[in-house]
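K.L.:
My structure is stored as query_7.txt, with compact mmCIF, C-alpha atoms and all ligand atoms.
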# COMPACT_ATOMS: atom_id res chain seq x y z
CA MET D 685 48.01 157.48 -24.77
CA GLN D 686 45.77 154.46 -25.35
CA THR D 687 46.66 151.33 -23.46
CA THR D 688 45.54 147.73 -23.29
CA LEU D 689 45.45 145.73 -20.09
CA THR D 690 47.67 142.67 -19.81
CA GLN D 691 47.89 139.98 -17.16
CA ALA D 692 51.16 139.98 -15.25
CA TYR D 693 52.77 138.71 -12.05
CA GLY D 694 54.00 141.34 -9.64
CA THR D 695 53.69 142.71 -6.15
CA ASP D 696 52.62 145.84 -4.27
CA SER D 697 55.29 145.65 -1.58
CA PRO D 698 58.55 143.89 -0.68
CA GLU D 699 56.73 141.89 1.97
CA HIS D 700 53.97 140.53 -0.23
CA PRO D 701 54.25 137.54 -2.56
CA LEU D 702 53.84 138.06 -6.29
CA ARG D 703 50.27 137.71 -7.55
CA LEU D 704 48.28 138.10 -10.72
CA LEU D 705 47.88 141.79 -11.68
CA GLU D 706 46.59 143.73 -14.65
CA ILE D 707 49.05 146.23 -16.11
CA PRO D 708 48.82 148.68 -19.03
CA ARG D 709 50.76 148.13 -22.25
CA ARG D 710 50.99 151.07 -24.62
CA ALA D 711 49.18 151.16 -27.98
CA LEU D 712 51.64 150.35 -30.78
CA LEU D 713 53.75 153.29 -31.92
CA PRO D 714 54.89 153.15 -35.57
CA ASN D 715 58.18 151.38 -34.80
CA ASP D 716 56.81 149.19 -31.98
CA VAL D 717 56.20 145.47 -31.91
CA GLU D 718 54.14 143.39 -29.53
CA LEU D 719 55.60 140.16 -28.20
CA ASP D 720 53.39 137.29 -27.08
CA ILE D 721 55.63 136.09 -24.24
CA LEU D 722 56.43 132.38 -24.06
CA TYR D 723 59.24 132.21 -21.49
CA CYS D 724 60.87 134.56 -19.00
CA GLY D 725 63.95 133.80 -16.89
CA ILE D 726 64.26 134.77 -13.22
CA CYS D 727 67.45 136.71 -12.49
CA HIS D 728 68.69 137.56 -9.00
CA SER D 729 68.21 141.22 -10.03
CA ASP D 730 64.46 140.52 -10.19
CA LEU D 731 64.64 139.34 -6.59
CA HIS D 732 66.81 142.34 -5.49
CA ALA D 733 64.28 144.68 -7.13
CA VAL D 734 61.17 143.03 -5.68
CA LYS D 735 62.77 143.13 -2.20
CA ASN D 736 63.88 146.75 -2.79
CA ASP D 737 67.46 145.69 -1.90
CA TRP D 738 68.95 148.64 -3.80
CA GLY D 739 66.21 151.17 -2.95
CA GLY D 740 64.29 152.82 -5.77
CA THR D 741 61.71 150.11 -6.43
CA ARG D 742 58.29 151.58 -7.16
CA TYR D 743 55.29 149.37 -6.57
CA PRO D 744 53.48 147.65 -8.05
CA VAL D 745 56.52 146.10 -9.68
CA VAL D 746 56.43 143.43 -12.39
CA PRO D 747 59.92 141.98 -12.83
CA GLY D 748 61.37 139.95 -15.70
CA HIS D 749 64.07 140.89 -18.20
CA GLU D 750 64.94 137.59 -19.92
CA ILE D 751 61.99 137.50 -22.29
CA VAL D 752 61.37 135.36 -25.37
CA GLY D 753 58.23 135.03 -27.42
CA ARG D 754 56.64 135.50 -30.81
CA ILE D 755 55.78 138.76 -32.51
CA SER D 756 52.00 139.11 -32.35
CA ARG D 757 51.52 142.63 -33.76
CA VAL D 758 53.73 145.13 -35.58
CA GLY D 759 53.62 148.92 -35.80
CA ALA D 760 52.83 150.56 -39.14
CA ALA D 761 56.39 151.72 -39.85
CA GLN D 762 58.54 148.93 -38.50
CA THR D 763 60.28 146.59 -40.95
CA LYS D 764 62.52 144.43 -38.75
CA PHE D 765 59.94 141.79 -37.73
CA GLN D 766 56.89 140.07 -39.12
CA VAL D 767 54.00 138.60 -37.15
CA GLY D 768 55.00 135.08 -36.07
CA ASP D 769 58.77 135.74 -35.83
CA LEU D 770 60.59 134.58 -32.72
CA ALA D 771 62.02 137.52 -30.78
CA ALA D 772 63.46 138.47 -27.42
CA ILE D 773 63.75 141.41 -25.06
CA GLY D 774 66.36 141.93 -22.35
CA CYS D 775 66.99 144.80 -19.95
CA ILE D 776 67.08 147.77 -22.35
CA VAL D 777 63.89 148.94 -24.10
CA ASP D 778 64.85 152.53 -24.97
CA SER D 779 67.68 155.08 -24.87
CA CYS D 780 68.44 158.53 -26.32
CA ARG D 781 70.07 157.09 -29.51
CA GLU D 782 72.17 160.26 -29.86
CA CYS D 783 74.90 160.31 -27.21
CA THR D 784 78.37 158.89 -27.87
CA HIS D 785 77.57 155.72 -25.91
CA CYS D 786 74.35 154.99 -27.80
CA ALA D 787 76.22 155.64 -31.05
CA ALA D 788 78.89 153.16 -29.93
CA GLY D 789 76.27 150.50 -29.16
CA ASP D 790 76.68 150.90 -25.40
CA GLU D 791 73.08 151.92 -24.70
CA GLN D 792 73.57 150.70 -21.11
CA PHE D 793 75.71 153.81 -20.56
CA CYS D 794 73.31 156.22 -22.33
CA GLU D 795 74.03 159.74 -21.04
CA ALA D 796 70.34 160.65 -20.93
CA GLY D 797 69.59 157.42 -19.08
CA TRP D 798 68.32 154.27 -20.76
CA THR D 799 64.90 152.78 -20.11
CA VAL D 800 64.97 149.54 -18.15
CA VAL D 801 62.31 147.02 -19.13
CA PHE D 802 60.74 147.24 -15.68
CA ASN D 803 60.60 149.72 -12.80
CA ALA D 804 61.56 152.61 -15.09
CA TYR D 805 59.75 155.59 -16.62
CA ASP D 806 58.21 154.91 -20.04
CA LYS D 807 58.43 158.27 -21.81
CA HIS D 808 55.70 157.29 -24.30
CA LEU D 809 53.27 155.80 -21.81
CA GLY D 810 53.98 158.42 -19.14
CA THR D 811 53.95 155.76 -16.42
CA ARG D 812 56.15 152.86 -15.33
CA THR D 813 57.56 150.04 -17.41
CA TYR D 814 56.52 146.53 -16.46
CA GLY D 815 58.67 143.47 -17.16
CA GLY D 816 58.36 140.04 -18.67
CA PHE D 817 56.49 138.14 -15.97
CA SER D 818 53.45 138.82 -18.13
CA GLU D 819 51.48 137.68 -21.14
CA ARG D 820 52.65 140.30 -23.62
CA ILE D 821 54.91 143.29 -23.93
CA VAL D 822 55.27 146.22 -26.34
CA ALA D 823 58.66 147.72 -27.23
CA ASP D 824 60.43 149.65 -29.96
CA ALA D 825 61.69 147.11 -32.52
CA ASP D 826 65.20 148.65 -32.40
CA TYR D 827 65.53 147.23 -28.87
CA VAL D 828 64.05 143.82 -29.69
CA LEU D 829 66.40 140.93 -30.54
CA ARG D 830 66.06 138.19 -33.12
CA MET D 831 65.94 134.59 -31.88
CA PRO D 832 66.87 131.74 -34.22
CA GLU D 833 63.97 129.35 -35.02
CA THR D 834 66.23 126.47 -33.98
CA ALA D 835 66.73 127.81 -30.44
CA ASP D 836 65.62 125.89 -27.35
CA LEU D 837 63.56 128.88 -26.33
CA ALA D 838 63.14 128.23 -22.62
CA ALA D 839 66.85 127.50 -22.12
CA SER D 840 67.83 130.48 -24.30
CA ALA D 841 65.83 133.06 -22.31
CA PRO D 842 68.68 133.51 -19.78
CA LEU D 843 70.97 134.71 -22.59
CA LEU D 844 69.05 138.01 -22.47
CA CYS D 845 70.58 138.96 -19.12
CA ALA D 846 72.84 136.27 -17.63
CA GLY D 847 74.39 135.57 -21.03
CA ILE D 848 75.08 139.15 -22.12
CA THR D 849 76.19 140.22 -18.63
CA VAL D 850 79.04 137.71 -18.63
CA TYR D 851 79.78 137.73 -22.39
CA SER D 852 80.37 141.48 -22.52
CA PRO D 853 83.16 141.66 -19.87
CA LEU D 854 84.70 138.34 -20.94
CA LYS D 855 85.04 139.75 -24.45
CA HIS D 856 86.13 143.21 -23.26
CA TRP D 857 88.88 141.76 -21.06
CA GLY D 858 90.05 139.42 -23.81
CA ALA D 859 89.05 135.97 -22.50
CA GLY D 860 90.42 133.48 -25.00
CA PRO D 861 93.26 131.04 -25.65
CA GLY D 862 96.16 131.47 -23.24
CA LYS D 863 94.06 133.41 -20.69
CA LYS D 864 93.32 132.12 -17.19
CA ILE D 865 89.85 133.24 -16.11
CA GLY D 866 88.27 132.84 -12.66
CA ILE D 867 84.49 132.75 -12.30
CA ILE D 868 83.34 133.63 -8.78
CA GLY D 869 79.92 132.29 -7.80
CA MET D 870 78.18 129.54 -9.71
CA GLY D 871 74.58 130.69 -10.03
CA GLY D 872 72.67 131.91 -13.09
CA LEU D 873 75.41 134.26 -14.29
CA GLY D 874 78.32 132.12 -13.12
CA HIS D 875 77.23 128.93 -14.87
CA MET D 876 76.74 130.84 -18.15
CA ALA D 877 80.19 132.40 -17.70
CA ILE D 878 81.77 128.93 -17.50
CA LYS D 879 80.18 127.88 -20.80
CA ILE D 880 80.90 131.14 -22.63
CA ALA D 881 84.50 131.56 -21.41
CA LYS D 882 85.25 127.95 -22.41
CA ALA D 883 83.73 128.53 -25.86
CA MET D 884 86.00 131.58 -26.17
CA GLY D 885 88.95 129.24 -25.58
CA ALA D 886 90.03 130.37 -22.11
CA GLN D 887 91.22 128.26 -19.18
CA VAL D 888 88.37 128.46 -16.65
CA VAL D 889 88.50 128.01 -12.88
CA VAL D 890 85.29 128.29 -10.84
CA PHE D 891 85.16 129.54 -7.25
CA THR D 892 82.12 128.32 -5.32
CA THR D 893 81.01 128.28 -1.69
CA THR D 894 78.86 125.20 -2.37
CA PRO D 895 80.73 121.86 -2.29
CA ALA D 896 77.90 120.13 -4.18
CA LYS D 897 78.52 122.37 -7.21
CA MET D 898 82.16 121.36 -7.68
CA ALA D 899 81.46 118.28 -9.79
CA ASP D 900 78.88 120.22 -11.79
CA ALA D 901 81.44 122.93 -12.57
CA ARG D 902 83.50 120.35 -14.44
CA ARG D 903 80.43 118.93 -16.17
CA LEU D 904 79.68 122.45 -17.43
CA GLY D 905 83.20 122.64 -18.86
CA ALA D 906 85.36 124.27 -16.18
CA ASP D 907 88.99 123.11 -16.04
CA ALA D 908 88.96 123.23 -12.24
CA ALA D 909 86.73 124.13 -9.30
CA VAL D 910 87.89 125.69 -6.02
CA LEU D 911 85.98 125.68 -2.75
CA SER D 912 86.33 129.36 -1.82
CA THR D 913 85.58 128.71 1.86
CA ASP D 914 88.71 126.53 2.15
CA PRO D 915 91.72 128.79 2.98
CA GLU D 916 94.22 126.13 1.84
CA GLN D 917 92.66 125.85 -1.62
CA MET D 918 92.43 129.65 -1.89
CA LYS D 919 96.09 130.21 -0.93
CA ALA D 920 97.18 128.01 -3.83
CA GLN D 921 95.44 130.19 -6.47
CA ARG D 922 97.72 132.37 -8.61
CA GLY D 923 98.19 133.88 -12.05
CA PHE D 924 94.65 134.82 -13.09
CA ASP D 925 94.38 137.30 -15.96
CA MET D 926 90.81 138.13 -15.03
CA MET D 927 88.27 137.17 -12.40
CA LEU D 928 84.55 137.67 -13.06
CA ASP D 929 82.69 138.19 -9.78
CA THR D 930 79.00 137.19 -10.02
CA VAL D 931 78.26 136.97 -6.28
CA SER D 932 74.93 138.46 -5.18
CA ALA D 933 75.80 139.12 -1.50
CA LYS D 934 78.59 140.83 0.45
CA HIS D 935 81.83 138.83 0.33
CA ASP D 936 85.60 139.30 0.63
CA VAL D 937 86.99 140.32 -2.76
CA ASN D 938 90.56 140.55 -1.40
CA LEU D 939 90.90 136.77 -1.57
CA TYR D 940 90.46 137.02 -5.33
CA LEU D 941 92.56 140.16 -5.87
CA ASN D 942 95.44 138.19 -4.35
CA ALA D 943 95.09 135.50 -6.99
CA LEU D 944 95.42 137.92 -9.96
CA ARG D 945 98.67 138.19 -11.90
CA VAL D 946 100.40 141.57 -12.27
CA ASP D 947 98.03 143.87 -14.22
CA GLY D 948 95.17 141.40 -13.76
CA SER D 949 91.56 142.58 -13.33
CA LEU D 950 88.79 141.62 -10.93
CA VAL D 951 85.54 142.53 -12.72
CA LEU D 952 82.38 142.87 -10.68
CA VAL D 953 79.00 142.11 -12.21
CA GLY D 954 77.26 140.94 -9.02
CA LEU D 955 75.34 143.67 -7.22
CA PRO D 956 75.34 143.06 -3.45
CA ASN D 957 73.40 145.70 -1.54
CA GLN D 958 76.39 146.55 0.67
CA PRO D 959 79.81 148.10 -0.12
CA LEU D 960 82.74 145.75 -0.68
CA GLU D 961 86.02 146.55 1.10
CA ILE D 962 89.34 146.53 -0.70
CA GLY D 963 92.66 146.26 1.14
CA PRO D 964 94.86 148.92 -0.56
CA PHE D 965 97.89 146.62 -0.75
CA ASN D 966 95.82 144.05 -2.64
CA VAL D 967 95.55 146.34 -5.67
CA VAL D 968 98.71 148.45 -5.26
CA ASN D 969 100.89 145.37 -5.17
CA GLY D 970 100.78 144.04 -8.74
CA ARG D 971 99.11 147.10 -10.34
CA LYS D 972 95.79 145.27 -10.22
CA ARG D 973 92.43 146.61 -11.34
CA PHE D 974 89.08 146.39 -9.64
CA ALA D 975 86.45 147.03 -12.33
CA GLY D 976 82.77 146.53 -13.12
CA SER D 977 80.50 145.83 -16.06
CA ASN D 978 76.78 146.36 -16.66
CA ILE D 979 74.84 144.01 -19.01
CA GLY D 980 75.76 144.94 -22.63
CA GLY D 981 74.32 146.96 -25.51
CA ILE D 982 71.68 145.86 -28.00
CA ALA D 983 74.09 144.87 -30.80
CA GLU D 984 76.22 142.91 -28.34
CA THR D 985 73.12 141.16 -26.96
CA GLN D 986 72.30 140.02 -30.50
CA GLU D 987 75.95 138.94 -30.78
CA VAL D 988 75.74 136.72 -27.68
CA ILE D 989 72.49 135.12 -28.94
CA ASP D 990 74.21 134.32 -32.25
CA PHE D 991 77.45 133.21 -30.51
CA CYS D 992 75.49 130.81 -28.28
CA ALA D 993 73.52 129.45 -31.26
CA ARG D 994 76.83 128.75 -33.06
CA HIS D 995 78.37 127.08 -30.02
CA GLN D 996 75.12 125.32 -28.98
CA ILE D 997 75.16 127.03 -25.60
CA THR D 998 72.00 127.39 -23.51
CA ALA D 999 71.38 127.73 -19.79
CA ASP D 1000 70.78 124.80 -17.45
CA ILE D 1001 67.26 125.62 -16.31
CA GLU D 1002 64.45 124.59 -14.02
CA LEU D 1003 61.23 125.27 -15.94
CA ILE D 1004 58.37 126.40 -13.70
CA THR D 1005 54.75 127.50 -14.06
CA PRO D 1006 53.60 131.00 -13.05
CA ALA D 1007 52.03 129.43 -9.95
CA ASP D 1008 55.55 128.49 -8.76
CA ILE D 1009 57.10 131.98 -8.94
CA ASN D 1010 57.05 132.63 -5.19
CA VAL D 1011 58.58 129.23 -4.40
CA ALA D 1012 61.25 129.93 -7.01
CA PHE D 1013 62.01 133.35 -5.47
CA SER D 1014 62.50 131.87 -2.00
CA ARG D 1015 64.69 129.08 -3.41
CA LEU D 1016 66.76 131.63 -5.38
CA GLU D 1017 67.25 133.64 -2.19
CA LYS D 1018 68.87 130.52 -0.64
CA GLY D 1019 71.00 129.83 -3.73
CA ASP D 1020 68.95 126.69 -4.42
CA VAL D 1021 68.58 126.65 -8.23
CA LYS D 1022 70.26 124.66 -11.00
CA TYR D 1023 71.03 127.11 -12.47
CA ARG D 1024 68.27 129.41 -13.69
CA PHE D 1025 64.52 129.36 -13.14
CA VAL D 1026 62.56 130.04 -16.31
CA ILE D 1027 58.81 130.66 -16.23
CA ASP D 1028 56.69 128.91 -18.86
CA ILE D 1029 54.28 131.83 -19.16
CA LYS D 1030 51.64 129.79 -21.01
CA ALA D 1031 51.60 126.94 -18.47
P1 LIG G 1101 72.29 133.66 -8.40
O1 LIG G 1101 71.81 132.71 -9.43
O2 LIG G 1101 71.59 133.74 -7.10
O3 LIG G 1101 73.85 133.35 -8.18
C1 LIG G 1101 74.62 134.04 -7.24
C2 LIG G 1101 75.69 133.09 -6.68
O4 LIG G 1101 76.50 133.83 -5.78
C3 LIG G 1101 75.14 131.94 -5.87
O5 LIG G 1101 74.75 130.86 -6.65
C4 LIG G 1101 76.33 131.59 -5.00
O6 LIG G 1101 77.25 130.79 -5.76
C5 LIG G 1101 76.99 132.94 -4.79
N1 LIG G 1101 76.66 133.50 -3.46
C6 LIG G 1101 75.43 133.86 -3.02
N2 LIG G 1101 75.51 134.35 -1.77
C7 LIG G 1101 76.82 134.32 -1.43
C8 LIG G 1101 77.55 134.70 -0.28
N3 LIG G 1101 76.94 135.22 0.80
N4 LIG G 1101 78.90 134.55 -0.27
C9 LIG G 1101 79.52 134.03 -1.35
N5 LIG G 1101 78.88 133.62 -2.47
C10 LIG G 1101 77.55 133.76 -2.50
O7 LIG G 1101 72.28 135.15 -8.99
P2 LIG G 1101 72.48 135.66 -10.51
O8 LIG G 1101 71.15 135.78 -11.15
O9 LIG G 1101 73.56 134.89 -11.13
O10 LIG G 1101 72.97 137.17 -10.23
C11 LIG G 1101 74.19 137.38 -9.52
C12 LIG G 1101 74.34 138.85 -9.19
O11 LIG G 1101 74.56 139.58 -10.40
C13 LIG G 1101 73.12 139.50 -8.53
O12 LIG G 1101 73.57 140.42 -7.54
C14 LIG G 1101 72.46 140.24 -9.68
O13 LIG G 1101 71.68 141.34 -9.25
C15 LIG G 1101 73.67 140.70 -10.44
N6 LIG G 1101 73.45 141.02 -11.85
C16 LIG G 1101 74.17 142.05 -12.36
C17 LIG G 1101 74.08 142.35 -13.70
C18 LIG G 1101 74.93 143.43 -14.28
O14 LIG G 1101 74.64 143.89 -15.39
N7 LIG G 1101 76.00 143.84 -13.64
C19 LIG G 1101 73.18 141.64 -14.51
C20 LIG G 1101 72.48 140.59 -13.95
C21 LIG G 1101 72.62 140.28 -12.62
P3 LIG G 1101 78.03 129.53 -5.11
O15 LIG G 1101 76.98 128.65 -4.52
O16 LIG G 1101 78.72 128.94 -6.27
O17 LIG G 1101 78.98 130.10 -4.09
ZN ZN G 1102 69.36 140.08 -14.82
Show me, as C-alpha cells, the structure contained in the file I just sent.
P.N.:
Amino acid sequence: MQTTLTQAYGTDSPEHPLRLLEIPRRALLPNDVELDILYCGICHSDLHAVKNDWGGTRYPVVPGHEIVGRISRVGAAQTKFQVGDLAAIGCIVDSCRECTHCAAGDEQFCEAGWTVVFNAYDKHLGTRTYGGFSERIVADADYVLRMPETADLAASAPLLCAGITVYSPLKHWGAGPGKKIGIIGMGGLGHMAIKIAKAMGAQVVVFTTTPAKMADARRLGADAAVLSTDPEQMKAQRGFDMMLDTVSAKHDVNLYLNALRVDGSLVLVGLPNQPLEIGPFNVVNGRKRFAGSNIGGIAETQEVIDFCARHQITADIELITPADINVAFSRLEKGDVKYRFVIDIKA
C-alpha cells in the first residue's frame, strides 16, 4: 500500500530518549480521514509502553493516544466528517465490527482483537501503528470522535484516554447520588475521576500518597481527601460502594478492600507491571468484588466528550512543546505533573 512519511516523536529502545522520526501513514482508504494533529496528551501508559514495562513493545515506538486535531483530508466514501472539522482519536482505531462485543459498542473487548492506535498491527498498512506524538494520523472515520468547536482543545485531549477510562467504570458501577466513591491515586486518571464522579452526583473521597495534593483534591471537587500513607486515616475509612484504583505502581489493595461496604467493588484501571496480592479474607468477608475496566468503546468515548462539554469539564494540564517530551516523561515517572502533560504539536 502507498504511504506518506510523517514527522513523529518516538524511540528505538527503552533506554533512549524520544527523538524526531519519520513514520509511514497509509494512503486514505475510502472510509478514512486524515487528522492534522494539534494536541496530544501524555498518559502513563505511553511511559509504560516506551519503557517496555509490560513487555511487547516493538521499536521504534511512537506513543500518544489522546489526540485532537482538524480533519485535513477525507476518503472518497466517508460522510461523517468534512475537511476543517475538529476531531479526536483515542486508543482504538479498528476492530472486527462483527463480534458480540463490537456490536454492543465494547470494541475494547473485540474477540478478534482491536487495533490500538500505537504499537499494534495495522491490517491495511501491513506494519505497525504509530500514535499521536506526530504531525498527522490516518484512521477509519468510524473510530474517530467528534469534538465540539467550543472545546478547550488542549485541555480536552485527556478525555480521549483518562476521561473515558474513568467514566466507563464509574457509569458501569452506578456512581451517582447516594453513592460513596473512592478514587485511589490523583494523577491524570485520578483527577479526571474526581471531576466526573462529582458531576455524576456521587460523594467523592480521594486517596493520595502525596500530602501536597490534598488541598487540590478539594479544589477539584472532592468531598474529602485521605493521606493513604497514614494508617490512622486509613483505619477510619468505611462504607464505600466503589473504589476506582488508578495507581500506576505496585501497592497494597487490601487497605482499600477493607474500606468497602458489603457487596462493594474495588475496580482496577491502573496497570502496574507487577501482580497485586489480595488477602482472601478481605474479599470473602463482605462478599466484596475485585474488578477491572479497560478504557471504553467508541460510542462511550463520544459520550464522555459530550458529557464533559455539558458539564464544562476539562483536564488540568501542563502544556509543553515537543522539545519538552523527555523532561515530561521523567517528571511523569516521579509523579510530578499537575495533572496531565499535553503536547502542543505545532509549537
Ligand atoms: P499518573 O498520572 O502517573 O498517576 C498515577 C498516580 O498513582 C500518581 O499520581 C500517584 O498518585 C499514584 N502512584 C504512583 N506511584 C505510586 C506508588 N508507588 N504507590 C502509590 N501510589 C502511587 O498516571 P495515569 O496516566 O493517571 O495512569 C495511571 C495508571 O492507569 C497507569 O498504570 C496507566 O498505564 C493506567 N491506565 C489504564 C487504562 C485502562 O484502560 N485500564 C487507561 C489509561 C491508563 P498520588 O500522588 O495521588 O498518590
Ligand atoms: Zn492512556
K.L.:
So that I can check the surroundings of D:Val888, please list as number ranges by chain every protein, DNA and RNA residue that reaches within 7 Å of it, counting only C-alpha atoms and ignoring chain neighbours fewer than 3 positions away.
P.N.:
D: 864-866, 878, 881-882, 906-908
K.L.:
Taking all atoms listed in the file into account, which residues are within 10 Å of ligand ZN 1102 (chain G), as JSON, numbers by chain?
P.N.:
{"D": [725, 726, 727, 728, 729, 730, 731, 732, 747, 748, 749, 750, 774, 775, 842, 843, 844, 845, 846, 847, 848, 849, 872, 873, 954, 978, 979]}
K.L.:
Please write the residues from the selection above to a file, keeping C-alpha atoms, as a PDB file, keeping the file's coordinate frame.
P.N.:
ATOM      1  CA  GLY D 725      63.950 133.800 -16.890  1.00  0.00           C
ATOM      2  CA  ILE D 726      64.260 134.770 -13.220  1.00  0.00           C
ATOM      3  CA  CYS D 727      67.450 136.710 -12.490  1.00  0.00           C
ATOM      4  CA  HIS D 728      68.690 137.560  -9.000  1.00  0.00           C
ATOM      5  CA  SER D 729      68.210 141.220 -10.030  1.00  0.00           C
ATOM      6  CA  ASP D 730      64.460 140.520 -10.190  1.00  0.00           C
ATOM      7  CA  LEU D 731      64.640 139.340  -6.590  1.00  0.00           C
ATOM      8  CA  HIS D 732      66.810 142.340  -5.490  1.00  0.00           C
ATOM      9  CA  PRO D 747      59.920 141.980 -12.830  1.00  0.00           C
ATOM     10  CA  GLY D 748      61.370 139.950 -15.700  1.00  0.00           C
ATOM     11  CA  HIS D 749      64.070 140.890 -18.200  1.00  0.00           C
ATOM     12  CA  GLU D 750      64.940 137.590 -19.920  1.00  0.00           C
ATOM     13  CA  GLY D 774      66.360 141.930 -22.350  1.00  0.00           C
ATOM     14  CA  CYS D 775      66.990 144.800 -19.950  1.00  0.00           C
ATOM     15  CA  PRO D 842      68.680 133.510 -19.780  1.00  0.00           C
ATOM     16  CA  LEU D 843      70.970 134.710 -22.590  1.00  0.00           C
ATOM     17  CA  LEU D 844      69.050 138.010 -22.470  1.00  0.00           C
ATOM     18  CA  CYS D 845      70.580 138.960 -19.120  1.00  0.00           C
ATOM     19  CA  ALA D 846      72.840 136.270 -17.630  1.00  0.00           C
ATOM     20  CA  GLY D 847      74.390 135.570 -21.030  1.00  0.00           C
ATOM     21  CA  ILE D 848      75.080 139.150 -22.120  1.00  0.00           C
ATOM     22  CA  THR D 849      76.190 140.220 -18.630  1.00  0.00           C
ATOM     23  CA  GLY D 872      72.670 131.910 -13.090  1.00  0.00           C
ATOM     24  CA  LEU D 873      75.410 134.260 -14.290  1.00  0.00           C
ATOM     25  CA  GLY D 954      77.260 140.940  -9.020  1.00  0.00           C
ATOM     26  CA  ASN D 978      76.780 146.360 -16.660  1.00  0.00           C
ATOM     27  CA  ILE D 979      74.840 144.010 -19.010  1.00  0.00           C
TER      28      ILE D 979
END
K.L.:
Extract, using all atoms listed in the file, all DNA, RNA and protein residues at most 10 Å from D:Thr834, discarding same-chain residues fewer than 2 positions from it, and format them as a VMD selection string.
P.N.:
chain D and resid 770 831 to 832 836 to 837 993
K.L.:
Here is a test: counting only C-alpha atoms and all ligand atoms, which residue of D:Gly871, D:Gly905, D:Gly948, D:Pro698 is nearest to ligand LIG 1101 (chain G)?
P.N.:
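Under the stated criterion, the closest residue is D:Gly871.
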K.L.:
Calculated over all atoms listed in the file, which of the candidates D:Ala733, D:Ala999, D:Ile982, D:Ala883 has the smallest distance to D:Asp790?
P.N.:
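Nearest to D:Asp790: D:Ile982.
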K.L.:
To test the calculation: enclose all listed atoms of ligand LIG 1101 (chain G) in a box whose edges run along x, y and z, add 6 Å on each side, then state centre and edge lengths in Å to one decimal, as lines of an AutoDock Vina configuration file.
P.N.:
center_x = 75.3
center_y = 136.3
center_z = -7.3
size_x = 20.4
size_y = 27.2
size_z = 28.2
K.L.:
Hey, what's within 8 Å of D:Val931 if we count only C-alpha atoms and toss same-chain stuff fewer than 3 positions away? As a list of chain:residue names, please?
P.N.:
D:Ile868, D:Gly869, D:Lys934, D:His935, D:Val953, D:Gly954, D:Leu955, D:Pro956
K.L.:
From the set D:Gly1019, D:Val937, D:Tyr693, D:Pro1006, which residue has the shortest atom-to-atom contact distance to D:Phe974, counting all atoms listed in the file?
P.N.:
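Answer, going by the shortest atom-to-atom distance: D:Val937.
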K.L.:
Got a sec: who's within 8 Å of D:Leu950, counting all atoms listed in the file, leaving out chain neighbours fewer than 5 positions off, as number ranges by chain?
P.N.:
D: 926-929, 940-941, 944, 972-975
K.L.:
For D:Ala859, which residue among D:Lys1030, D:Thr741, D:Thr894, D:Met884 is the nearest when counting only C-alpha atoms?
P.N.:
D:Met884
K.L.:
For D:Met918, work out the shell of residues within 10 Å, counting only C-alpha atoms and skipping chain neighbours fewer than 2 positions away, then give it as a list in words.
P.N.:
Phe891, Val910, Leu911, Ser912, Thr913, Asp914, Pro915, Glu916, Ala920, Gln921, Arg922, Leu939, Tyr940, Asn942 and Ala943 of chain D
K.L.:
For the residues in the current selection, export C-alpha atoms as a CSV table (one decimal), in the coordinates of the input.
P.N.:
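Written output follows (selection_14.csv):
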chain,number,residue,atom,x,y,z
D,891,PHE,CA,85.2,129.5,-7.2
D,910,VAL,CA,87.9,125.7,-6.0
D,911,LEU,CA,86.0,125.7,-2.8
D,912,SER,CA,86.3,129.4,-1.8
D,913,THR,CA,85.6,128.7,1.9
D,914,ASP,CA,88.7,126.5,2.2
D,915,PRO,CA,91.7,128.8,3.0
D,916,GLU,CA,94.2,126.1,1.8
D,920,ALA,CA,97.2,128.0,-3.8
D,921,GLN,CA,95.4,130.2,-6.5
D,922,ARG,CA,97.7,132.4,-8.6
D,939,LEU,CA,90.9,136.8,-1.6
D,940,TYR,CA,90.5,137.0,-5.3
D,942,ASN,CA,95.4,138.2,-4.4
D,943,ALA,CA,95.1,135.5,-7.0
K.L.:
With all atoms listed in the file as the basis for distance, which of D:Met898, D:Ile1027, D:Leu719, D:Ala841 is at the shortest distance from ligand LIG 1101 (chain G)?
P.N.:
D:Met898
K.L.:
Using only C-alpha atoms and all ligand atoms, which residue out of D:Trp798, D:Tyr814, D:Tyr1023, D:Phe991 lies closest to ligand LIG 1101 (chain G)?
P.N.:
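Of the candidates, the smallest distance to ligand LIG 1101 (chain G) is held by D:Tyr1023.
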K.L.:
I'd like the interatomic distance between atom CA of D:Ser949 and atom CA of D:Ile962, to a tenth of an Å.
P.N.:
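Straight-line distance from atom CA of D:Ser949 to atom CA of D:Ile962 works out to 13.4 Å.
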K.L.:
What does the distance between atom CA of D:Gly976 and atom CA of D:Tyr723 come to in Å, to one decimal place?
P.N.:
28.8 Å
K.L.:
Grab the atom CA of D:Gly981 to atom O14 of ligand LIG 1101 (chain G) distance for me, in Å with one decimal place.
P.N.:
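Atom CA of D:Gly981 sits 10.6 Å away from atom O14 of ligand LIG 1101 (chain G).
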K.L.:
If we draw a sphere of 9 Å around (92.4, 130.6, -28.4), which residues have at least one atom in it when counting all atoms listed in the file? Please report them as a list in words.
P.N.:
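Residues with an atom close enough to that point: Ala859, Gly860, Pro861, Gly862, Lys863, Met884, Gly885 and Ala886 of chain D.
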